[in-house]
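What follows is the content of my_file.json (JSON, C-alpha atoms).
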[["chain", "number", "residue", "atom", "x", "y", "z"],
["A", 1, "MET", "CA", 15.63, -4.72, -43.64],
["A", 2, "LYS", "CA", 13.02, -7.08, -42.39],
["A", 3, "GLY", "CA", 9.81, -7.62, -44.33],
["A", 4, "THR", "CA", 7.68, -5.14, -42.39],
["A", 5, "ARG", "CA", 10.22, -2.33, -42.56],
["A", 6, "LEU", "CA", 10.71, -2.90, -46.28],
["A", 7, "TRP", "CA", 6.98, -2.65, -46.94],
["A", 8, "VAL", "CA", 6.72, 0.51, -44.81],
["A", 9, "ALA", "CA", 9.61, 2.12, -46.72],
["A", 10, "ALA", "CA", 8.09, 1.06, -50.05],
["A", 11, "PHE", "CA", 4.69, 2.45, -49.01],
["A", 12, "LEU", "CA", 6.20, 5.78, -48.03],
["A", 13, "ALA", "CA", 8.17, 5.95, -51.30],
["A", 14, "VAL", "CA", 5.03, 5.27, -53.33],
["A", 15, "LEU", "CA", 3.04, 7.70, -51.19],
["A", 16, "THR", "CA", 5.47, 10.58, -51.77],
["A", 17, "ASN", "CA", 6.44, 9.83, -55.38],
["A", 18, "GLY", "CA", 3.63, 7.59, -56.62],
["A", 19, "ASP", "CA", 1.94, 10.17, -58.83],
["A", 20, "SER", "CA", 5.15, 11.08, -60.61],
["A", 21, "LEU", "CA", 6.09, 7.41, -61.00],
["A", 22, "LEU", "CA", 2.74, 6.74, -62.66],
["A", 23, "GLY", "CA", 3.01, 9.84, -64.82],
["A", 24, "VAL", "CA", -0.05, 11.50, -63.30],
["A", 25, "GLY", "CA", 1.59, 14.11, -61.12],
["A", 26, "GLN", "CA", 3.80, 16.97, -62.18],
["A", 27, "ALA", "CA", 6.47, 16.62, -59.54],
["A", 28, "SER", "CA", 7.66, 14.47, -56.69],
["A", 29, "ALA", "CA", 7.89, 15.48, -53.05],
["A", 30, "GLY", "CA", 11.63, 16.04, -53.38],
["A", 31, "SER", "CA", 11.21, 18.51, -56.22],
["A", 32, "LEU", "CA", 8.51, 20.34, -54.28],
["A", 33, "ALA", "CA", 10.92, 20.69, -51.36],
["A", 34, "LYS", "CA", 13.62, 21.98, -53.72],
["A", 35, "GLY", "CA", 11.15, 24.49, -55.15],
["A", 36, "ILE", "CA", 10.22, 25.76, -51.70],
["A", 37, "GLU", "CA", 13.90, 26.03, -50.77],
["A", 38, "SER", "CA", 14.76, 27.95, -53.93],
["A", 39, "ASN", "CA", 11.84, 30.35, -53.38],
["A", 40, "HIS", "CA", 13.12, 30.96, -49.85],
["A", 41, "ASN", "CA", 16.65, 31.60, -51.13],
["A", 42, "ILE", "CA", 15.37, 34.01, -53.78],
["A", 43, "ALA", "CA", 13.33, 35.94, -51.20],
["A", 44, "HIS", "CA", 16.33, 36.09, -48.88],
["A", 45, "SER", "CA", 18.56, 37.37, -51.69],
["A", 46, "ILE", "CA", 16.03, 40.07, -52.59],
["A", 47, "GLU", "CA", 15.92, 41.24, -48.97],
["A", 48, "ASN", "CA", 19.72, 41.39, -48.85],
["A", 49, "ALA", "CA", 19.86, 43.35, -52.12],
["A", 50, "LYS", "CA", 17.32, 45.87, -50.81],
["A", 51, "ALA", "CA", 19.28, 46.27, -47.56],
["A", 52, "HIS", "CA", 22.53, 46.84, -49.46],
["A", 53, "GLY", "CA", 20.76, 49.32, -51.73],
["A", 54, "MET", "CA", 19.66, 51.38, -48.75],
["A", 55, "LEU", "CA", 23.24, 51.52, -47.48],
["A", 56, "ALA", "CA", 24.71, 52.51, -50.85],
["A", 57, "GLY", "CA", 24.03, 56.25, -50.46],
["A", 58, "THR", "CA", 25.35, 56.71, -46.94],
["A", 59, "PRO", "CA", 28.91, 58.02, -46.67],
["A", 60, "PRO", "CA", 31.44, 56.16, -44.52],
["A", 61, "SER", "CA", 31.75, 57.36, -40.97],
["A", 62, "LYS", "CA", 34.82, 59.27, -39.84],
["A", 63, "PRO", "CA", 37.24, 57.47, -37.56],
["A", 64, "ARG", "CA", 36.82, 58.40, -33.92],
["A", 65, "GLN", "CA", 40.45, 57.85, -32.88],
["A", 66, "VAL", "CA", 43.30, 60.04, -33.97],
["A", 67, "ILE", "CA", 46.15, 58.08, -35.48],
["A", 68, "ALA", "CA", 49.42, 58.75, -33.66],
["A", 69, "GLY", "CA", 52.44, 60.16, -35.46],
["A", 70, "PRO", "CA", 55.78, 58.37, -35.85],
["A", 71, "PHE", "CA", 56.79, 56.10, -33.02],
["A", 72, "LEU", "CA", 59.50, 57.49, -30.78],
["A", 73, "LEU", "CA", 61.14, 55.46, -28.05],
["A", 74, "ASP", "CA", 62.04, 57.19, -24.82],
["A", 75, "CYS", "CA", 65.31, 55.58, -23.69],
["A", 76, "SER", "CA", 65.10, 57.09, -20.23],
["A", 77, "VAL", "CA", 62.28, 54.70, -19.38],
["A", 78, "LEU", "CA", 63.93, 51.44, -20.48],
["A", 79, "PRO", "CA", 67.04, 50.18, -18.67],
["A", 80, "ARG", "CA", 68.78, 48.49, -21.65],
["A", 81, "CYS", "CA", 68.00, 51.06, -24.32],
["A", 82, "ILE", "CA", 70.86, 52.49, -26.38],
["A", 83, "PRO", "CA", 69.99, 55.93, -27.76],
["A", 84, "VAL", "CA", 70.64, 56.52, -31.46],
["A", 85, "ALA", "CA", 71.97, 59.90, -32.55],
["A", 86, "ASP", "CA", 70.02, 60.01, -35.85],
["A", 87, "PRO", "CA", 66.61, 58.24, -35.70],
["A", 88, "ALA", "CA", 66.27, 58.42, -39.50],
["A", 89, "ALA", "CA", 69.39, 56.23, -39.92],
["A", 90, "VAL", "CA", 67.66, 53.29, -38.25]]

I need this file expressed as structure tokens, please.
Amino acid sequence: MKGTRLWVAAFLAVLTNGDSLLGVGQASAGSLAKGIESNHNIAHSIENAKAHGMLAGTPPSKPRQVIAGPFLLDCSVLPRCIPVADPAAV
């Protein structure tokens, strides 16, 4: 860093954290940002919990498609199919 850039960085560091470095302030800018972020995360978690609470009493929906029975292969359709006399033996 050149001299001017170093002084600008030092000025910004003292500007954002100067009060806490001197013991006058309660918190630095970084801790304020962490506090704001944690408040946002708490609010987001509360909204998610309320949304899940509203869904807790609703029953699951019934499936719209009917599940097919056991699979049976029609050998008359396929040219290389060998029919089996007892399908349960396979």

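Computed from the coordinates, the CA of Leu15 (chain A) to CA of Gly30 (chain A) distance equals 12.2 Å.
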
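In this structure, CA of His44 (chain A) sits 27.4 Å away from CA of Ser61 (chain A).
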
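What separates CA of Leu6 (chain A) from CA of Ser20 (chain A) is a distance of 20.8 Å.
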
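Among A:Pro59, A:Ser45, A:Thr16, A:Met54, the residue with the shortest atom-to-atom distance to Leu32 (chain A), counting all atoms listed in the file, is A:Thr16.
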
Just add N, CA and C atoms to region 35-53 of chain A and send it as a tab-separated table (two decimals), in the coordinates of the input.
chain	number	residue	atom	x	y	z
A	35	GLY	N	11.81	23.26	-54.71
A	35	GLY	CA	11.15	24.49	-55.15
A	35	GLY	C	10.89	25.45	-54.01
A	36	ILE	N	10.45	24.92	-52.89
A	36	ILE	CA	10.22	25.76	-51.70
A	36	ILE	C	11.53	26.35	-51.21
A	37	GLU	N	12.59	25.54	-51.22
A	37	GLU	CA	13.90	26.03	-50.77
A	37	GLU	C	14.43	27.12	-51.70
A	38	SER	N	14.26	26.94	-53.00
A	38	SER	CA	14.76	27.95	-53.93
A	38	SER	C	13.95	29.24	-53.81
A	39	ASN	N	12.64	29.15	-53.59
A	39	ASN	CA	11.84	30.35	-53.38
A	39	ASN	C	12.29	31.09	-52.12
A	40	HIS	N	12.62	30.34	-51.09
A	40	HIS	CA	13.12	30.96	-49.85
A	40	HIS	C	14.45	31.66	-50.10
A	41	ASN	N	15.35	31.00	-50.85
A	41	ASN	CA	16.65	31.60	-51.13
A	41	ASN	C	16.51	32.85	-51.99
A	42	ILE	N	15.59	32.84	-52.94
A	42	ILE	CA	15.37	34.01	-53.78
A	42	ILE	C	14.84	35.17	-52.94
A	43	ALA	N	13.88	34.89	-52.07
A	43	ALA	CA	13.33	35.94	-51.20
A	43	ALA	C	14.41	36.50	-50.28
A	44	HIS	N	15.25	35.63	-49.76
A	44	HIS	CA	16.33	36.09	-48.88
A	44	HIS	C	17.33	36.95	-49.66
A	45	SER	N	17.64	36.58	-50.88
A	45	SER	CA	18.56	37.37	-51.69
A	45	SER	C	17.97	38.74	-52.03
A	46	ILE	N	16.68	38.79	-52.30
A	46	ILE	CA	16.03	40.07	-52.59
A	46	ILE	C	16.09	40.98	-51.37
A	47	GLU	N	15.84	40.43	-50.19
A	47	GLU	CA	15.92	41.24	-48.97
A	47	GLU	C	17.33	41.77	-48.75
A	48	ASN	N	18.33	40.93	-49.00
A	48	ASN	CA	19.72	41.39	-48.85
A	48	ASN	C	20.06	42.48	-49.86
A	49	ALA	N	19.59	42.34	-51.09
A	49	ALA	CA	19.86	43.35	-52.12
A	49	ALA	C	19.20	44.68	-51.76
A	50	LYS	N	17.99	44.63	-51.23
A	50	LYS	CA	17.32	45.87	-50.81
A	50	LYS	C	18.07	46.52	-49.65
A	51	ALA	N	18.55	45.72	-48.71
A	51	ALA	CA	19.28	46.27	-47.56
A	51	ALA	C	20.59	46.90	-48.01
A	52	HIS	N	21.29	46.26	-48.95
A	52	HIS	CA	22.53	46.84	-49.46
A	52	HIS	C	22.25	48.08	-50.28
A	53	GLY	N	21.12	48.13	-50.96
A	53	GLY	CA	20.76	49.32	-51.73
A	53	GLY	C	20.49	50.52	-50.85
